[in-house]
Every structure is written in C-alpha cells, then in structure tokens.
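Undergrad: Here's a structure for you.
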Amino acid sequence: MGLSLKAVEKSYGAQRVLQPVDLEAADGEFLTILGPSGSGKTTILRLVGGFTRPTGGHIRFGGTDLTDVPSHKRPFNTVFQDYALFPHMSVADNVGYGLMVRGMAKAAIRDKVVRTLEVVGLGGLLDRYPSQLSGGQKQRVALARAIVCEPKLILLDEPLAALDAEMRRHMQFFLKDLQRRIATAFLFVTHDQEEAITMSDRIVVMDKGRIEQVGAPGDIYYAPKTPFVARFFGDNNLIEGNVRDGRVETAVANFALPAGSRAEPRPVLVAVRPEKISIGGADGGRTAIACKVEETTFTGALTQLKARPLAAPQTTLLVKMTSDPGRPLPERGAETTLSFAPDTVAIVEVGS
Amino acid sequence: MNSLPARLAVFALVAAGPLLFVVAPIGSFLVMSFARVEGHQIINDMTLDNYVAFFGNWVYLKTFLLTLWLCAEVTLIGIVLGYPIAWFIWRRRARTRYLLLLLFVLPLFMSYIVKIYTMRSILGLNGFLNQILVGSGILSAPSLVFLYNQGSILITMAVIFLPFVILPIFLSLERIPRNLVQASADLGAGAGTTFRHVVLPLSLPGTIAGGLFAFVLALGDFITPQMVGGPSGFTIGRVIWSQFGLAYNWPFGAAMGAVLFLFALAVIVVAGSIASRQRV
Ligand SMILES: Nc1ncnc2c1ncn2[C@@H]1O[C@H](COP(=O)(O)OP(=O)(O)OP(=O)(O)O)[C@@H](O)[C@H]1O
Ligand SMILES: [Mg+2]
C-alpha cells in the first residue's frame, strides 16, 4: 500500500497547471516523473510533499488520507533541487536535524549521523559547513539528511541537474544502488529521459499538466501510447498511416498489423525505432522499403544512416546500426533496400 | 600602468574621500580634547585635564552610565517591537509585504524635528495619549507624567528609531531562502521549531545590525532629550551639547565626545564580530 493520488489537480487562479491525475507508487518502487519544462513535475512533487495544497482530489499513503496533513507530519522526506542545506549548521547538524526535531538523544543522533554519512560516502566531513562543500558533496548531504529519517518515501526534484556529466552518471548509479539497499520508494523528478530510463522501475511521462503514459522503461520506449511519448523518447521514425482490413497502410509501406493491436479501421501513427531498421532484404516476413541514401554518419559504436523512401520522398527514415569496419556502407545517393519486422513497430493512437 | 607609484597614486585618490570626510574631523576633535580654555581662547597644550575632569566627576560619569542604560533600553524595546513587526511583514504575501514595509519605514523619510514635535504633542497634557486614557476612564484627569522626564525620552527614541530596527531585520528575513523553511518542515519541524532553529539564527545578523542602529543613534542623539526630556531628562548628549554652547568649553565637550565615540566604536566592533560568526 504505497502512495496513491486520486484525481489530484492544481490550479493557480483560473490557470489549471495540473489536470486531475491518478497515480500509484508501490512500496520500494523507483518511480520517475519525466516531462518537459513546465509540464507539472515539480507541482506533483510539492503536492505530495505537502508544500502546496491540491485544488481537488485526494493524496493517500498506506491507506491514510494525507490531503490535509501539513508537510511536517507527512512520512516523506525531500531532496531539494538546490539541496536547501541549512547554511548555519555543520554537516552533522544538517543530517541530524530530522532526528533532533523528533527528540532523539544527542549521542544516538551522532551515531546515526556518522553511519548515514558513511553510507553516502562522506565519512570525514561531519564538522564542515555547507559553504565548504562541493556540489556533489552537498548533494550527498541532502540525501543523507533525507534517508537518516528512514521515511517511507523520498521525493527528489531533479537532484542531479546541477552536476557535471561525469558526476551525474556516477550519481545515477549511486542513487539507484542506494535506493535498492535501503528499500525505500523514490519519487524522482527529471527532464532527462536517459536518466529516467536507466534508473526507474516505472516512468510517468507528463506533458502540459497531464499524464501521458505510465509504464516500465521498456514499455515507454517500445510501446508509446501517445504521439507525444513516441516523439519525446529518443530518436524515432514516425509515419502517419491507417489501419484497414487487418493491415497497416502508410505512404512508405503496407504491412500486417502487429499482434495485439486493435483491428478497427482508424488513422494511426506508426513508430519504428531506428535500431529496428536494417539494410537489406525482405526475408522472413520483413517489410522492405526501397530508399535513396541521404547521408551516413559514423558516431562511434553506432553508425547512422538517413534515407528517403522512393515511394514517399518527403519522409526521412533514420537507421542506427552497430558500426562494422568490414562492411561497406551504401554511397550517398545510392539506392538501397531497408527493412523492418512488422511486430517491432508500435502503433500509436492519434487524437481522441 | 601597474607600476608601484601608479598603484599608490590610485590608492591615494581612493583613500582621499574617507580621509577628508571621516578621519580629518574625528582627528581634529580628538586633538581638541587635549586642549584647554582660558577666557575665550582655546589653548592647545596637550593636557589630559578634560579626561581627568570627566572621569573624576561622579555627576558626569553617572550621566554617562545612565545614558548607556537608556540606550540599552531603547535597543531592547526596538528589537522586542521591531522583530515581531518585521517577521509579520515577512510572512505576508509578496503583494502586501512591500506595501506594509513601506508603511512601517515611511517615518524614515520624514523630518526628524517633525517627528519629535509629533511625539511631544502625543505625550503632552492635551495629547492623544492623555485623551485616550481619560476618555476610556483609565485616568480621571490628564497626566503630566508622559512628558519631560527620562521615560518620555525612552518612549520617543524607541518610536523614532523603530524603522531603523525593522528594516535590517526584515532584510535578513527576506534573505532566507523559502526552501530552507520548507526543508525544515519536511524534516518534521513544526512552525515553532523551524523558527527557533532556522529563522531566528539566520536573521540574527540583521537583528544585531538593527539593534546597533538603535543603540548608536540613541547614544548620539541630543535633540530628543532636549525637546522631550525636560529638566530631569539629562543625557550625556545634552551635556556635550551644552559644553559647545552655553558653557563654551569646546575641549571638554570634545573629550566627552571622544569617550562616547570610542565606546560606540567598541560596541560596533563587538556586535560586528558576533554577527560575522554566523556562517551565512
Ligand atoms: N506559484 C505558482 N503560481 C502560478 N503558476 C505556477 C506556480 N507554480 C508553478 N506554476 C506553473 O505551473 C506549471 C507547472 O510548473 P512546474 O514547476 O510543476 O513545472 P516542471 O515540470 O517542474 O518544470 P521544470 O522542468 O521547468 O522544473 C508551469 O506552467 C508554472 O508556470
Ligand atoms: Mg521543476
């Protein structure tokens, strides 16, 4: 019985920044809220943390209604984006703050603080002040300050946004590992889709104050439910088409409807991942597309190829394949055949 | 351009302002304090007589100590009233906050003399205070006790210097990032605990600055005691002033001024070091 949001919405005056959303997070789950700037990620986090009140709906945790419970009485702790460390307190006092507030004895606090700082890899920094710490160290202190209270759920608002690329990758791994070790649910906000994919158990994709899709990273990646999700997540080939008579018809190619898709005739968007397209023939039920090569780019482990279908020259297809120095690539302007397996295609519903 | 003489020249240029307008006047009255008066002549023969006269005369020393006590009371009242007011303003929504602040510091833009006369008319026999007290039946007849004594100096100074206390306290509260308050609540602290452990310590430098303003302004003020103090409300500022006027003993006035100045300087240094010990 973890966190549950039922029809939670938020308006500022006449402007509704969060449409009514339903959301569940299980105990111990790493749930990521992902979306572009202004999509309402922080708003959800602040509602859960109790820093703002919803204008509608209910927030429950473990069956208790928390909607009207002030933030200092909620069993959650937050890692703020800019860390929000108390500048007048040492690292030890910052981390021990939540315990001190609960009236724990000084010696016990010290013990627990020391152990927690070791968990986050900051053993020797007890008596430093926040102004004497690097960004990554502040980050860990903020994390320690939250986990030392042993909350049921930790809220993190873009905690890695201020770190440089290398530190960021390191912290992604560290956070994920820590989350498993302490077996605590994380509600994690980011606008970095790679971060979301590598860290999360499930991802909530948001756009314009609305939840677009909730699912495991693989589902979101390979089976986007809305055009926004299909576009937002990594590179994708999106082709407009129609479902008719158990087949998918597009200007580029016609192919059998993938198993599990509704057969009802309607306009759809076909999404084909670049790595699911390969150069070469139509054997084994693959759908072939005759194309003219636009350009090839070697990017290291992968080689990218852009091509235009002869049947629909206004469309560009992107192909990604593992680089292979032994295999010659088609010349620019040459004609070649590309193919994909119909069941690797995602059928995305448009409009509604 | 970066040669030593050039840099010295620039330094001299920059230092000229403070030297001319701060150090020179202070220096000149320090020098004056070692002089003596003979008839209408000021004779500069580097004597300590003025200081001996001051510290050797219990009447002067007592006035000085009573003035310090008065200033401490003004400071205390200023902080006790000013802090809650600043805090209250700080807690308002952004729109009402600055309007309210402006209202409270508006007296800063008014003439000092006007404010004192206003206070005098409020505290006087037919003043606002007496009218209210008589009107509400607390007093049967208007009372004279509110004006022309030590108490009326205290009240007037506390009121006049209040904006100087409110402003720095408000500014230091305003500098506290809101998410520190939220972080404290997030960690389980109620409003009172958050105030004690986060808001109060972080606004301490501003509170010290505000208190310092009130103290130093009160210490140097000789007009308020003159105007509302009557014959019994004597302060060291008034004594010094009389030395420069009626008594025509400038060197003695300068010596008392020097003592006052050094004392104020010491208070500023001590308060400054307490404030800077905060890691903000
Ligand atoms: N106090 C407020 N008053 C009015 N509008 C607000 C307020 N706070 C947020 N909003 C609006 O709500 C919308 C969602 O804001 P939110 O902070 O949740 O976005 P976000 O997804 O966290 O974006 P970012 O990635 O930039 O942090 C935005 O359009 C924002 O302008
Ligand atoms: Mg945000």
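In the structure tokens, the first chain shown is A, the next is B, and so on; residue numbers restart at 1 for each chain, and ligands run from 1 in the order shown.
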Determine which residues of chain B sit within 8 Å of chain A, taking into account only C-alpha atoms, and present them as a PyMOL selection string.
TA: chain B and resi 179-180+182-190+193+198+201-202+278-280
Undergrad: Using only C-alpha atoms, which protein or nucleic acid residues come within 8 Å of Ala158 of chain B? Drop anything in the same chain fewer than 2 positions from it, and give the result as a VMD selection string.
TA: chain B and resid 74 to 75 77 to 78 154 to 156 160 to 162 214
Undergrad: I need the chosen residues saved as a PDB file, in the first residue's frame, with N, CA and C atoms.
TA:
ATOM      1  N   VAL B  74      16.391  51.501  24.866  1.00  0.00           N
ATOM      2  CA  VAL B  74      15.863  51.837  23.538  1.00  0.00           C
ATOM      3  C   VAL B  74      16.100  50.663  22.589  1.00  0.00           C
ATOM      4  N   THR B  75      17.328  50.109  22.649  1.00  0.00           N
ATOM      5  CA  THR B  75      17.681  48.990  21.774  1.00  0.00           C
ATOM      6  C   THR B  75      16.777  47.792  22.040  1.00  0.00           C
ATOM      7  N   ILE B  77      13.784  47.680  23.519  1.00  0.00           N
ATOM      8  CA  ILE B  77      12.401  47.919  23.095  1.00  0.00           C
ATOM      9  C   ILE B  77      12.306  47.835  21.573  1.00  0.00           C
ATOM     10  N   GLY B  78      13.330  48.433  20.909  1.00  0.00           N
ATOM     11  CA  GLY B  78      13.343  48.413  19.447  1.00  0.00           C
ATOM     12  C   GLY B  78      13.296  46.997  18.912  1.00  0.00           C
ATOM     13  N   LEU B 154      12.846  57.900  26.534  1.00  0.00           N
ATOM     14  CA  LEU B 154      12.869  56.492  26.144  1.00  0.00           C
ATOM     15  C   LEU B 154      11.781  56.186  25.112  1.00  0.00           C
ATOM     16  N   ILE B 155      10.553  56.604  25.416  1.00  0.00           N
ATOM     17  CA  ILE B 155       9.440  56.312  24.503  1.00  0.00           C
ATOM     18  C   ILE B 155       9.683  56.959  23.143  1.00  0.00           C
ATOM     19  N   THR B 156      10.076  58.235  23.156  1.00  0.00           N
ATOM     20  CA  THR B 156      10.253  58.951  21.901  1.00  0.00           C
ATOM     21  C   THR B 156      11.352  58.323  21.052  1.00  0.00           C
ATOM     22  N   ILE B 160      10.960  56.659  17.384  1.00  0.00           N
ATOM     23  CA  ILE B 160      11.619  57.280  16.236  1.00  0.00           C
ATOM     24  C   ILE B 160      12.628  56.329  15.576  1.00  0.00           C
ATOM     25  N   PHE B 161      13.315  55.519  16.395  1.00  0.00           N
ATOM     26  CA  PHE B 161      14.347  54.657  15.816  1.00  0.00           C
ATOM     27  C   PHE B 161      13.822  53.280  15.403  1.00  0.00           C
ATOM     28  N   LEU B 162      12.540  53.016  15.661  1.00  0.00           N
ATOM     29  CA  LEU B 162      11.979  51.704  15.324  1.00  0.00           C
ATOM     30  C   LEU B 162      12.176  51.298  13.856  1.00  0.00           C
ATOM     31  N   ALA B 214      19.853  51.319  16.499  1.00  0.00           N
ATOM     32  CA  ALA B 214      19.081  51.980  17.554  1.00  0.00           C
ATOM     33  C   ALA B 214      20.016  52.485  18.650  1.00  0.00           C
TER      34      ALA B 214
END
Undergrad: List all protein, DNA and RNA residues that have at least one atom no more than 9 Å from any atom of ligand 2, counting only C-alpha atoms and all ligand atoms, and write them as a VMD selection string.
TA: chain A and resid 37 to 43 45 81 157 to 158 189 to 191
Undergrad: What's the 12 Å shell around Phe244 of chain B, counting only C-alpha atoms, without same-chain residues fewer than 2 positions away, as an MDAnalysis selection string?
TA: chainID B and resid 29 32 37 237:242 246:257
Undergrad: For ligand 1, which residue among A:Leu143, A:Met206, A:Ala107, A:Ala311 is the nearest when counting only C-alpha atoms and all ligand atoms?
TA: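 Closest residue, counting only C-alpha atoms and all ligand atoms: A:Met206.
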Undergrad: Which one is closest to ligand 1: A:Leu187, A:Leu126, A:Leu338, A:Ile44? Count only C-alpha atoms and all ligand atoms.
TA: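 Among the listed residues, the smallest separation from ligand 1 belongs to A:Ile44.
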Undergrad: Under the rule that only C-alpha atoms and all ligand atoms are counted, which of A:Gly2, A:Pro159, A:Gly56, A:Gly121 is the nearest residue to ligand 1?
TA: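 Under the stated criterion, the closest residue is A:Pro159.
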Undergrad: With DSSP run on the backbone, what are the strand (DSSP E) residues within segment 108-229 of chain A? I'd like them as a list in words.
TA: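 Checking each residue of segment 108-229 of chain A, the strand (DSSP E) ones are Leu153, Ile154, Leu155, Leu156, Asp157, Ala185, Phe186, Leu187, Phe188, Val189, Thr190, Arg202, Ile203, Val204, Val205, Met206, Asp207, Arg210, Ile211, Glu212, Gln213, Val214 and Gly215 of chain A.
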Undergrad: Rank nothing, just name the residue among B:Arg93, B:Ile113, B:Ser3, B:Val10 nearest to ligand 1, using only C-alpha atoms and all ligand atoms.
TA: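 Of the candidates, the smallest distance to ligand 1 is held by B:Arg93.
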Undergrad: Which of these, A:Ala288, A:Ile277, A:Ala185, A:Leu163, has the shortest distance to Glu29 of chain A once you count only C-alpha atoms?
TA: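 Using only C-alpha atoms, the shortest distance to Glu29 of chain A belongs to A:Ala185.
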Undergrad: Give the answer as one residue: which of B:Gln41, B:Leu171, B:Pro107, B:Ala94 has the shortest atom-to-atom distance to ligand 1, using only C-alpha atoms and all ligand atoms?
TA: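 Going through B:Gln41, B:Leu171, B:Pro107, B:Ala94 one by one, the smallest distance to ligand 1 is for B:Ala94.
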Undergrad: Residues of segment 73-270 of chain B in alpha helix (DSSP H) according to DSSP, as number ranges by chain?
TA: B: 73-91, 94-105, 112-123, 128-135, 150-174, 178-186, 191-194, 200-220, 223-228, 236-244, 250-270
